[in-house]
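*Asks:* Have a peek at run_15.txt (compact mmCIF, C-alpha atoms).
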# COMPACT_ATOMS: atom_id res chain seq x y z
CA MET A 20 0.00 0.00 0.00
CA ARG A 21 1.32 3.45 -0.83
CA TYR A 22 0.49 6.93 0.44
CA ILE A 23 0.75 10.49 -0.90
CA GLU A 24 4.27 10.55 -2.33
CA ASP A 25 5.10 13.95 -3.78
CA VAL A 26 5.21 15.78 -0.44
CA VAL A 27 7.84 13.61 1.27
CA THR A 28 10.62 15.72 2.85
CA LEU A 29 13.43 13.12 2.81
CA GLU A 30 16.76 14.35 1.40
CA LEU A 31 20.04 12.45 1.06
CA ASP A 32 23.35 14.22 0.49
CA VAL A 33 25.18 11.47 -1.37
CA ASP A 34 28.49 13.35 -1.14
CA ARG A 35 28.52 13.00 2.66
CA CYS A 36 27.63 9.28 2.63
CA ASN A 37 30.37 6.96 3.86
CA GLY A 38 28.56 3.79 2.80
CA CYS A 39 27.96 2.40 6.32
CA ARG A 40 24.57 1.00 5.24
CA MET A 41 22.90 2.00 8.50
CA CYS A 42 20.02 3.71 6.63
CA LEU A 43 19.34 0.50 4.68
CA ARG A 44 19.16 -1.38 7.96
CA VAL A 45 16.81 0.92 9.88
CA CYS A 46 14.39 1.91 7.09
CA PRO A 47 11.13 -0.07 7.41
CA HIS A 48 10.15 0.70 3.80
CA ALA A 49 13.33 -0.13 1.84
CA VAL A 50 13.70 3.48 0.69
CA PHE A 51 17.50 3.23 0.38
CA GLN A 52 19.72 1.08 -1.79
CA MET A 53 23.46 0.89 -2.31
CA SER A 54 24.85 2.21 -5.57
CA GLY A 55 28.50 1.26 -5.54
CA LYS A 56 29.89 2.37 -2.19
CA ARG A 57 27.16 4.90 -1.41
CA ALA A 58 23.52 4.87 -0.45
CA VAL A 59 20.96 6.31 -2.86
CA LEU A 60 17.26 7.06 -2.59
CA HIS A 61 15.75 4.09 -4.37
CA ASP A 62 12.08 4.60 -3.44
CA ARG A 63 11.68 8.06 -1.89
CA GLY A 64 7.89 8.01 -2.24
CA ALA A 65 7.61 5.09 0.18
CA CYS A 66 9.16 7.18 2.98
CA MET A 67 6.91 7.60 6.03
CA GLU A 68 9.21 10.18 7.64
CA CYS A 69 9.82 8.16 10.80
CA GLY A 70 13.30 9.69 11.01
CA ALA A 71 15.17 6.47 11.82
CA CYS A 72 17.67 6.96 8.97
CA ALA A 73 18.52 10.57 9.84
CA ARG A 74 18.87 9.74 13.55
CA ASN A 75 21.28 6.91 12.77
CA CYS A 76 23.35 8.62 10.07
CA GLU A 77 26.67 9.43 11.73
CA GLN A 78 27.64 11.59 8.75
CA GLY A 79 24.55 13.77 8.97
CA ALA A 80 23.90 13.06 5.29
CA ILE A 81 20.15 12.60 5.68
CA ARG A 82 17.52 15.24 6.33
CA VAL A 83 13.84 14.64 6.93
CA ARG A 84 11.11 16.38 8.86
CA ALA A 85 10.42 13.45 11.15
CA GLY A 86 7.03 13.03 12.72
CA VAL A 87 4.05 10.76 13.03
CA GLY A 88 1.63 10.57 10.12
CA CYS A 89 -1.37 10.72 12.40
CA ALA A 90 -4.30 13.05 11.71
CA ALA A 91 -5.57 12.80 15.29
CA GLY A 92 -2.14 13.83 16.51
CA VAL A 93 -2.03 16.78 14.10
CA LEU A 94 -5.48 17.94 15.26
CA ALA A 95 -4.45 17.54 18.93
CA GLY A 96 -1.35 19.59 18.15
CA LEU A 97 -3.42 22.33 16.49
CA VAL A 98 -5.81 22.49 19.43
CA GLY A 99 -3.03 22.36 22.01
CA GLY A 100 -0.81 24.73 20.04
CA SER A 101 2.08 22.26 19.90
CA GLU A 102 3.94 20.27 17.25
CA PRO A 103 1.95 17.44 15.69
CA SER A 104 2.60 14.45 17.87
CA CYS A 105 1.09 11.09 18.51
CA GLY A 106 -1.38 11.44 21.35
CA CYS A 107 -0.75 8.02 22.83
CA SER A 108 0.49 9.32 26.15
CA VAL A 109 -0.80 8.30 29.53
CA ASP A 110 -2.69 11.45 30.28
CA LYS A 111 -4.00 12.16 26.81
CA PRO A 112 -4.98 8.98 24.99
CA SER A 113 -6.13 9.51 21.42
CA GLY A 114 -6.69 7.46 18.32
CA CYS A 115 -3.13 6.53 17.49
CA CYS A 116 -1.15 3.41 18.10
CA MET B 15 22.66 -8.19 46.88
CA VAL B 16 20.85 -5.35 45.19
CA VAL B 17 17.48 -5.62 43.54
CA PRO B 18 17.37 -3.38 40.48
CA SER B 19 14.98 -0.52 41.01
CA GLY B 20 11.60 -1.09 39.49
CA SER B 21 12.10 -4.76 38.67
CA ALA B 22 9.14 -6.70 40.02
CA LEU B 23 10.59 -10.03 41.13
CA SER B 24 7.29 -11.82 41.31
CA THR B 25 4.54 -11.46 38.72
CA HIS B 26 2.36 -13.89 36.80
CA PHE B 27 4.75 -13.66 33.83
CA THR B 28 7.90 -14.42 35.82
CA ASP B 29 9.22 -17.66 37.28
CA GLY B 30 11.92 -17.27 39.92
CA ALA B 31 15.11 -15.30 39.55
CA VAL B 32 18.49 -15.56 37.87
CA ASP B 33 21.84 -14.26 39.11
CA ALA B 34 23.16 -11.43 37.00
CA ALA B 35 26.62 -10.46 38.29
CA GLY B 36 25.47 -10.65 41.89
CA VAL B 37 22.04 -9.18 41.26
CA GLN B 38 18.89 -11.27 41.19
CA VAL B 39 16.80 -10.51 38.13
CA PRO B 40 13.39 -12.03 37.37
CA ARG B 41 13.19 -14.89 34.89
CA VAL B 42 10.33 -14.46 32.42
CA ARG B 43 8.05 -17.25 31.33
CA THR B 44 8.32 -17.67 27.57
CA ALA B 45 4.88 -19.27 27.27
CA LEU B 46 1.98 -16.86 27.39
CA THR B 47 -0.86 -17.77 29.74
CA TRP B 48 -4.58 -17.03 29.57
CA ARG B 49 -3.93 -13.97 31.74
CA ASP B 50 -1.55 -12.57 29.11
CA HIS B 51 -4.00 -13.26 26.28
CA TRP B 52 -6.89 -11.78 28.26
CA GLY B 53 -4.86 -8.64 29.01
CA THR B 54 -3.96 -8.30 25.32
CA LEU B 55 -7.59 -8.69 24.32
CA LEU B 56 -8.69 -5.96 26.76
CA ALA B 57 -5.93 -3.63 25.55
CA ARG B 58 -6.95 -4.23 21.92
CA TRP B 59 -10.42 -3.06 22.91
CA ALA B 60 -8.91 0.01 24.57
CA ILE B 61 -9.68 -1.18 28.10
CA HIS B 62 -6.90 -0.30 30.56
CA ARG B 63 -4.72 0.17 27.47
CA MET B 64 -2.81 3.06 28.97
CA ASP B 65 -2.07 1.16 32.16
CA TYR B 66 -0.63 -1.97 30.58
CA ARG B 67 2.99 -1.92 31.56
CA VAL B 68 5.76 -3.95 33.13
CA ALA B 69 8.49 -2.68 35.44
CA PRO B 70 11.54 -1.50 33.47
CA GLY B 71 14.88 -3.17 34.11
CA LEU B 72 16.72 -6.39 33.36
CA TYR B 73 15.00 -9.75 32.96
CA ALA B 74 16.24 -13.20 32.02
CA ALA B 75 14.87 -15.75 29.57
CA GLY B 76 16.05 -19.28 30.29
CA THR B 77 19.43 -19.37 32.05
CA PRO B 78 21.53 -16.73 30.33
CA ASP B 79 25.25 -16.22 31.04
CA ALA B 80 27.84 -13.56 30.25
CA THR B 81 27.84 -14.49 26.57
CA SER B 82 24.05 -14.48 26.06
CA PRO B 83 22.49 -11.85 23.80
CA VAL B 84 20.79 -8.77 25.26
CA LEU B 85 17.43 -7.89 23.70
CA VAL B 86 15.99 -4.44 24.30
CA SER B 87 12.23 -3.84 24.56
CA ALA B 88 9.66 -1.32 25.76
CA ASN B 89 7.70 -1.63 29.00
CA TYR B 90 4.38 -1.86 27.15
CA LYS B 91 3.17 -5.29 28.22
CA MET B 92 2.19 -6.26 24.66
CA SER B 93 5.69 -5.44 23.30
CA PHE B 94 7.24 -7.31 26.24
CA ASP B 95 4.98 -10.35 25.65
CA CYS B 96 5.93 -10.45 21.95
CA VAL B 97 9.63 -10.58 22.78
CA ARG B 98 9.52 -13.10 25.64
CA SER B 99 7.24 -15.49 23.76
CA ALA B 100 9.73 -15.40 20.85
CA LEU B 101 12.46 -16.63 23.20
CA ALA B 102 11.05 -20.05 24.12
CA GLY B 103 13.91 -22.49 24.70
CA ARG B 104 16.57 -19.77 24.49
CA HIS B 105 18.89 -18.10 26.94
CA ALA B 106 18.92 -14.33 26.69
CA TRP B 107 18.81 -11.12 28.68
CA LEU B 108 15.88 -8.81 28.26
CA LEU B 109 16.50 -5.10 28.89
CA VAL B 110 13.16 -3.32 29.33
CA LEU B 111 13.22 0.47 28.86
CA ASP B 112 10.77 2.81 30.56
CA THR B 113 8.58 4.04 27.72
CA ALA B 114 5.65 4.91 30.00
CA GLY B 115 3.78 1.84 28.78
CA ILE B 116 3.94 2.83 25.11
CA ASN B 117 4.94 0.41 22.34
CA VAL B 118 8.41 0.55 20.79
CA TRP B 119 7.55 2.37 17.55
CA CYS B 120 5.36 5.08 19.05
CA ALA B 121 7.77 5.55 21.96
CA ALA B 122 10.70 5.85 19.53
CA GLY B 123 8.80 8.57 17.66
CA LYS B 124 8.41 10.46 20.92
CA GLY B 125 12.00 9.76 21.94
CA THR B 126 11.06 7.94 25.17
CA PHE B 127 12.41 4.76 23.57
CA GLY B 128 15.64 6.57 22.85
CA THR B 129 19.38 6.99 23.25
CA ASP B 130 19.17 8.65 26.69
CA GLU B 131 16.87 6.04 28.23
CA LEU B 132 18.87 3.16 26.72
CA VAL B 133 22.21 4.49 28.00
CA ARG B 134 20.70 5.18 31.43
CA ARG B 135 19.15 1.70 31.65
CA VAL B 136 22.44 0.03 30.62
CA ALA B 137 24.16 1.90 33.47
CA ASP B 138 21.37 1.29 36.03
CA THR B 139 21.38 -2.46 35.47
CA GLY B 140 25.18 -2.71 35.47
CA LEU B 141 24.95 -4.48 32.13
CA ASP B 142 28.69 -4.16 31.51
CA ARG B 143 29.23 -6.52 34.46
CA VAL B 144 26.42 -8.91 33.49
CA VAL B 145 27.65 -9.65 29.97
CA SER B 146 31.16 -9.89 28.56
CA HIS B 147 30.20 -8.82 25.04
CA ARG B 148 29.16 -5.28 24.07
CA LYS B 149 26.13 -5.78 21.83
CA LEU B 150 22.51 -4.68 22.28
CA VAL B 151 19.79 -6.07 20.02
CA VAL B 152 17.41 -3.14 19.58
CA PRO B 153 14.18 -3.65 17.62
CA GLN B 154 14.45 -1.93 14.25
CA LEU B 155 11.30 0.07 14.93
CA GLY B 156 13.13 1.65 17.88
CA ALA B 157 15.57 3.30 15.46
CA PRO B 158 13.67 6.62 15.15
CA GLY B 159 14.57 7.25 18.80
CA VAL B 160 17.96 5.57 19.10
CA ALA B 161 21.18 6.85 17.52
CA ALA B 162 23.38 3.76 17.38
CA HIS B 163 26.63 5.74 17.07
CA GLU B 164 25.76 7.87 20.12
CA VAL B 165 24.96 4.78 22.21
CA ARG B 166 28.36 3.36 21.34
CA GLN B 167 30.15 6.60 22.24
CA ARG B 168 28.31 6.98 25.53
CA CYS B 169 28.29 3.45 26.97
CA GLY B 170 30.47 1.32 24.72
CA PHE B 171 27.65 -0.95 23.59
CA ARG B 172 27.08 -1.55 19.90
CA VAL B 173 23.46 -1.41 18.73
CA MET B 174 22.48 -4.31 16.47
CA TYR B 175 19.13 -3.52 14.88
CA GLY B 176 16.96 -6.60 15.10
CA PRO B 177 13.96 -7.51 12.96
CA VAL B 178 10.74 -5.47 12.81
CA ARG B 179 8.67 -8.36 14.16
CA ALA B 180 9.54 -10.31 17.31
CA GLU B 181 8.48 -13.54 15.57
CA ASP B 182 11.65 -13.22 13.44
CA LEU B 183 13.94 -12.82 16.49
CA ALA B 184 14.91 -16.49 16.63
CA ALA B 185 15.85 -16.57 12.94
CA PHE B 186 17.75 -13.28 13.36
CA LEU B 187 19.77 -14.65 16.30
CA ASP B 188 20.41 -17.97 14.57
CA ALA B 189 21.71 -16.17 11.49
CA GLY B 190 24.38 -14.47 13.59
CA MET B 191 22.35 -11.29 14.14
CA LYS B 192 21.55 -10.78 10.49
CA ALA B 193 18.10 -9.78 9.25
CA SER B 194 16.78 -10.64 5.81
CA PRO B 195 15.24 -7.80 3.74
CA GLU B 196 11.77 -9.18 4.55
CA MET B 197 12.49 -8.96 8.27
CA ARG B 198 13.38 -5.28 7.82
CA GLN B 199 10.10 -4.22 6.21
CA VAL B 200 6.87 -3.37 7.96
CA ARG B 201 3.68 -4.71 6.50
CA PHE B 202 0.06 -3.82 6.97
CA ASN B 203 -2.06 -6.75 5.93
CA LEU B 204 -5.76 -7.32 6.55
CA ARG B 205 -5.08 -8.97 9.89
CA ASP B 206 -2.89 -6.06 11.08
CA ARG B 207 -5.55 -3.57 10.02
CA MET B 208 -8.42 -5.41 11.68
CA THR B 209 -6.43 -5.83 14.90
CA LEU B 210 -6.37 -2.04 15.22
CA SER B 211 -9.99 -1.51 14.29
CA PRO B 212 -11.49 -2.12 17.79
CA VAL B 213 -9.33 0.60 19.36
CA GLU B 214 -10.49 3.04 16.68
CA LEU B 215 -14.09 2.03 17.33
CA MET B 216 -13.85 2.45 21.09
CA GLN B 217 -12.05 5.82 20.81
CA GLY B 218 -14.65 7.01 18.30
CA TYR B 219 -17.64 5.90 20.37
CA LYS B 220 -16.52 8.23 23.14
CA VAL B 221 -17.53 11.08 20.83
CA VAL B 222 -20.15 9.37 18.66
CA LEU B 223 -22.38 8.13 21.48
CA PRO B 224 -22.78 11.52 23.25
CA VAL B 225 -23.45 13.20 19.88
CA ALA B 226 -26.03 10.49 19.06
CA ALA B 227 -27.74 11.22 22.40
CA VAL B 228 -27.86 14.94 21.57
CA LEU B 229 -29.36 14.18 18.12
CA LEU B 230 -31.93 11.92 19.77
CA LEU B 231 -33.12 14.80 21.97
CA LEU B 232 -32.88 17.46 19.25
CA GLY B 233 -34.94 15.24 16.97
CA GLY B 234 -37.92 15.84 19.25
CA LEU B 235 -38.04 19.52 18.34
CA ARG B 236 -40.79 20.79 16.02
CA SER B 237 -42.18 24.24 15.34
CA SER B 238 -45.00 23.19 17.66
CA GLY B 239 -42.64 22.20 20.49
CA TRP B 240 -40.79 19.13 21.76
CA SER B 241 -42.35 15.70 21.89
CA TRP B 242 -41.02 12.30 22.85
CA ASP B 243 -42.73 10.69 19.83
CA ALA B 244 -40.86 13.02 17.47
CA ALA B 245 -37.61 12.42 19.36
CA ARG B 246 -38.06 8.67 19.04
CA GLN B 247 -38.73 8.80 15.33
CA THR B 248 -36.51 11.55 13.94
CA GLY B 249 -33.94 11.63 16.72
CA GLY B 250 -33.82 7.87 17.03
CA LEU B 251 -33.24 7.48 13.31
CA ALA B 252 -30.52 10.15 13.41
CA ALA B 253 -28.75 8.47 16.33
CA LEU B 254 -28.97 5.12 14.54
CA LEU B 255 -27.62 6.53 11.26
CA LEU B 256 -24.73 8.25 13.04
CA PHE B 257 -23.84 5.09 14.93
CA ALA B 258 -24.13 2.88 11.84
CA ALA B 259 -22.17 5.24 9.60
CA PHE B 260 -19.29 5.56 12.07
CA THR B 261 -19.21 1.83 12.85
CA GLY B 262 -19.34 0.99 9.14
CA ALA B 263 -16.52 3.40 8.35
CA ALA B 264 -14.33 2.28 11.26
CA VAL B 265 -14.68 -1.41 10.37
CA LEU B 266 -15.03 -1.46 6.57
CA GLY B 267 -12.63 1.47 6.04
CA PRO B 268 -9.55 -0.34 7.41
CA ALA B 269 -10.71 -3.64 5.89
CA LEU B 270 -11.13 -2.23 2.37
CA LEU B 271 -8.23 0.25 2.63
CA PRO B 272 -6.16 -1.04 -0.32
CA TRP B 273 -9.19 -1.12 -2.62
CA LEU B 274 -10.87 2.19 -1.77
CA PRO B 275 -10.02 4.76 -4.46
CA GLY B 276 -7.48 7.53 -3.84
CA ARG B 277 -4.27 7.80 -1.85
CA ALA B 278 -5.60 10.22 0.77
CA PHE B 279 -7.45 8.46 3.59
CA SER B 280 -9.99 11.30 3.69
CA VAL B 281 -10.83 10.57 0.03
CA LYS B 282 -11.06 6.83 0.67
CA GLY B 283 -13.37 7.53 3.62
CA ALA B 284 -15.53 9.95 1.64
CA MET B 285 -15.94 7.33 -1.12
CA LEU B 286 -17.02 4.77 1.45
CA GLY B 287 -19.43 7.34 2.94
CA VAL B 288 -20.93 8.09 -0.47
CA ALA B 289 -21.49 4.35 -0.93
CA PHE B 290 -23.22 4.19 2.47
CA ALA B 291 -25.33 7.26 1.64
CA ALA B 292 -26.32 5.69 -1.69
CA LEU B 293 -27.96 2.91 0.30
CA LEU B 294 -30.28 5.41 2.03
CA PRO B 295 -33.07 5.34 -0.63
CA LEU B 296 -33.13 1.53 -0.37
CA THR B 297 -34.05 1.84 3.29
CA GLY B 298 -36.78 4.37 2.57
CA GLY B 299 -34.53 7.42 2.91
CA ALA B 300 -33.75 9.25 6.12
CA GLY B 301 -37.29 10.56 6.52
CA SER B 302 -38.03 13.79 4.71
CA PRO B 303 -36.15 14.95 1.59
CA TRP B 304 -34.46 17.56 3.81
CA HIS B 305 -33.14 14.88 6.09
CA THR B 306 -32.14 12.60 3.23
CA ALA B 307 -30.12 15.49 1.78
CA ALA B 308 -28.66 16.19 5.23
CA TRP B 309 -27.47 12.61 5.68
CA ALA B 310 -26.13 12.47 2.12
CA LEU B 311 -23.67 15.14 3.33
CA LEU B 312 -23.20 14.05 6.95
CA ILE B 313 -22.38 10.39 6.28
CA PRO B 314 -19.55 11.00 3.78
CA ALA B 315 -18.15 13.78 6.01
CA LEU B 316 -18.18 11.46 9.01
CA ALA B 317 -16.68 8.51 7.12
CA SER B 318 -14.01 10.76 5.61
CA PHE B 319 -13.03 12.07 9.05
CA ALA B 320 -13.09 8.61 10.63
CA LEU B 321 -10.80 7.07 8.02
CA MET B 322 -8.52 10.14 8.01
CA ASN B 323 -7.98 9.48 11.71
CA PHE B 324 -6.95 5.92 10.89
CA THR B 325 -3.69 7.33 9.40
CA GLY B 326 -2.22 7.21 12.91
CA ALA B 327 -2.77 3.47 13.13
CA THR B 328 -1.03 2.64 9.86
CA THR B 329 2.58 1.80 9.14
CA PHE B 330 3.13 3.86 6.00
CA THR B 331 1.63 7.37 6.31
CA SER B 332 4.03 10.31 6.51
CA LEU B 333 3.44 13.50 8.48
CA SER B 334 3.84 15.57 5.29
CA GLY B 335 1.22 13.46 3.54
CA VAL B 336 -1.20 13.75 6.45
CA LEU B 337 -0.73 17.54 6.60
CA ALA B 338 -1.23 17.80 2.83
CA GLU B 339 -4.46 15.83 2.84
CA MET B 340 -5.78 17.56 5.96
CA ARG B 341 -5.27 21.02 4.46
CA ARG B 342 -7.65 20.07 1.67
CA ALA B 343 -9.99 17.65 3.40
CA VAL B 344 -10.77 19.29 6.73
CA PRO B 345 -12.41 22.42 5.21
CA VAL B 346 -14.55 20.17 3.00
CA GLN B 347 -15.47 17.89 5.91
CA VAL B 348 -16.39 20.85 8.12
CA THR B 349 -18.45 22.49 5.35
CA ALA B 350 -20.32 19.27 4.61
CA ALA B 351 -20.96 18.70 8.32
CA VAL B 352 -22.19 22.26 8.96
CA VAL B 353 -24.43 22.35 5.87
CA GLY B 354 -25.67 18.84 6.64
CA LEU B 355 -26.51 19.73 10.23
CA GLY B 356 -28.17 22.94 9.02
CA LEU B 357 -30.36 20.98 6.61
CA TRP B 358 -31.23 18.51 9.34
CA VAL B 359 -32.26 21.21 11.83
CA ALA B 360 -34.12 23.16 9.11
CA GLY B 361 -35.93 19.94 8.22
CA LEU B 362 -37.28 19.69 11.77
CA TRP B 363 -39.06 23.01 11.34
CA LEU B 364 -39.88 23.06 7.64
CA ASP B 365 -41.54 19.72 7.18
CA GLY B 366 -41.50 18.19 10.60
CA GLY B 367 -39.28 15.26 9.68
CA PRO B 368 -40.71 11.82 9.08
CA THR B 369 -43.71 12.28 11.38
CA THR B 370 -45.65 14.41 8.88
Would you mind giving the structure from this file in structure tokens?
*Replies:*
Amino acid sequence: MRYIEDVVTLELDVDRCNGCRMCLRVCPHAVFQMSGKRAVLHDRGACMECGACARNCEQGAIRVRAGVGCAAGVLAGLVGGSEPSCGCSVDKPSGCC
Amino acid sequence: MVVPSGSALSTHFTDGAVDAAGVQVPRVRTALTWRDHWGTLLARWAIHRMDYRVAPGLYAAGTPDATSPVLVSANYKMSFDCVRSALAGRHAWLLVLDTAGINVWCAAGKGTFGTDELVRRVADTGLDRVVSHRKLVVPQLGAPGVAAHEVRQRCGFRVMYGPVRAEDLAAFLDAGMKASPEMRQVRFNLRDRMTLSPVELMQGYKVVLPVAAVLLLLGGLRSSGWSWDAARQTGGLAALLLFAAFTGAAVLGPALLPWLPGRAFSVKGAMLGVAFAALLPLTGGAGSPWHTAAWALLIPALASFALMNFTGATTFTSLSGVLAEMRRAVPVQVTAAVVGLGLWVAGLWLDGGPTT
């Protein structure tokens, strides 16, 4: 199943990649592939912006606006005036996870 | 002898204790009992879901020694159950992080399943004295919160990202801590979607049922005054339609997700709602033409909103995508709901609903 693809914020700076393959390991949607000794964006549209790749890239070669793709969380954020976040906390249970 | 803080030594899911470098840690049962299954069932129906946690700290599966692998998990009981039941017949350490009872993936997104908590928990449990190796098997879905290189710098342990699903843990360990590409990918099949449907239903009913009660009472209003007969007929029908439309959307929406047209969940939901609304004439309409028109707007708006909210339960929706679809869908949903409600209220006065 695929979602809205053209708005994904994932960016990879191939020049900074050292080929450690960490992004291939942590991505749950096989967005990255190796091309020679460097990672490339193989399926950018499948990115769900979880941020695992950017967090685990020691070279800082990956940028993405990480967050949860959760409409209830976005609405809760709008109402509460905060960043969109998953509302599955103890005090504020909402529809996600 | 020191008992690690927070580790409950005796629970229904533990069986005695194991020595871990001079500290007694609880040994987990690797077979789930009826109490575990019952707890899971309740949590899936959103009952005590937010209070379903285990004490963070170190646990043992089997009789682990200094060379046994260390598997990291969250203190959400369901995550914990998945991991321990995957370890039947094995010897391993289980390091449970304090994620406030939230599952690994959601907690990683918040950062509570994260580098800081992992490093702190490694220090608290004296893990460097319990095992001779320096490897931590962290579930792959914990990666949004854990920076492997920072963990290594701060406590010397190397993060090995394990498979997405605990059921693949045994194969991952047997392959020398290597995951196949399939083990690295999340999926979202019919069973996964339907598992999450009850929680959506229960969360939704908290809003739907009070609104249905309000419609039931409002339905009794006429230009001539309020009557219980009118409330029963018009209000009762409205409450029933609201309940049925939401239930239908929350169950059929996730079930039919791959086949509903459009990429945006709000569009998929609206399509489903239009299909529901198209059934109205078959059931004799929603009373008057005014009310039929009202429900032709209200049902798709409701279904669209309900399925849009299902984005949070999926494994593939991005924040950017959700924001993009909400910017377009929410104004349409609100307009349809306001106009629909207006038509419904106007119908009470103009032609008295189905009673006339």
*Asks:* Rounded to one decimal place, report the CA of Ala292 in chain B-CA of Gln217 in chain B distance in Å.
*Replies:* 26.6 Å
*Asks:* Contacts from chain B to chain A, 6 Å maximum, only C-alpha atoms: show me the residue list as a list in words.
*Replies:*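 Written out as asked, the residues are Met64, Gln154, Ala157, Pro158, Ala161, Ala162, Arg198, Gln199, Val200, Arg277, Asn323, Thr325, Gly326, Ala327, Phe330, Thr331, Ser332, Leu333, Ser334, Gly335 and Val336 of chain B.
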*Asks:* State, in Å with one decimal place, the distance from CA of Phe202 in chain B to CA of Leu215 in chain B.
*Replies:*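 Taking CA of Phe202 in chain B as the start and CA of Leu215 in chain B as the end point, the length is 18.5 Å.
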*Asks:* So which residues touch Asp130 in chain B within 12 Å, counting only C-alpha atoms, skipping near sequence neighbours fewer than 3 positions away, as number ranges by chain?
*Replies:* B: 111-113, 122, 125-127, 133-137, 159-162, 164-166, 168-169
*Asks:* Could you tell me how far CA of Lys149 in chain B sits from CA of Thr329 in chain B, in Å to one decimal place?
*Replies:*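 If I compute the distance from CA of Thr329 in chain B to CA of Lys149 in chain B, I get 27.8 Å.
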*Asks:* Env of Tyr90 in chain B: 8 Å cut, atoms = all atoms listed in the file, seq-sep filter 3 positions within chain, self excluded. Answer as a list in words.
*Replies:* Tyr66, Arg67, Val68, Ser93, Phe94, Thr113, Ala114, Gly115, Ile116, Asn117 and Val118 of chain B
*Asks:* Point out the residue among B:Met208, B:Leu355, B:Ala289, B:Ala34 with the least atom-to-atom distance to Leu229 in chain B, counting only C-alpha atoms.
*Replies:*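 Selected residue with least distance to Leu229 in chain B: B:Leu355.
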*Asks:* Need to verify the contact set: Gly250 in chain B, 10 Å, all atoms listed in the file, exclusion of same-chain residues closer than 2 positions in sequence. Can you return it as a VMD selection string?
*Replies:* chain B and resid 226 to 227 229 to 234 243 to 248 252 to 256
*Asks:* Nearest to Val37 in chain B among B:Arg104, B:Val344, B:Val144, B:Leu109, with distances taken over all atoms listed in the file: which residue is it?
*Replies:*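 For Val37 in chain B, the nearest of the candidates is B:Val144.
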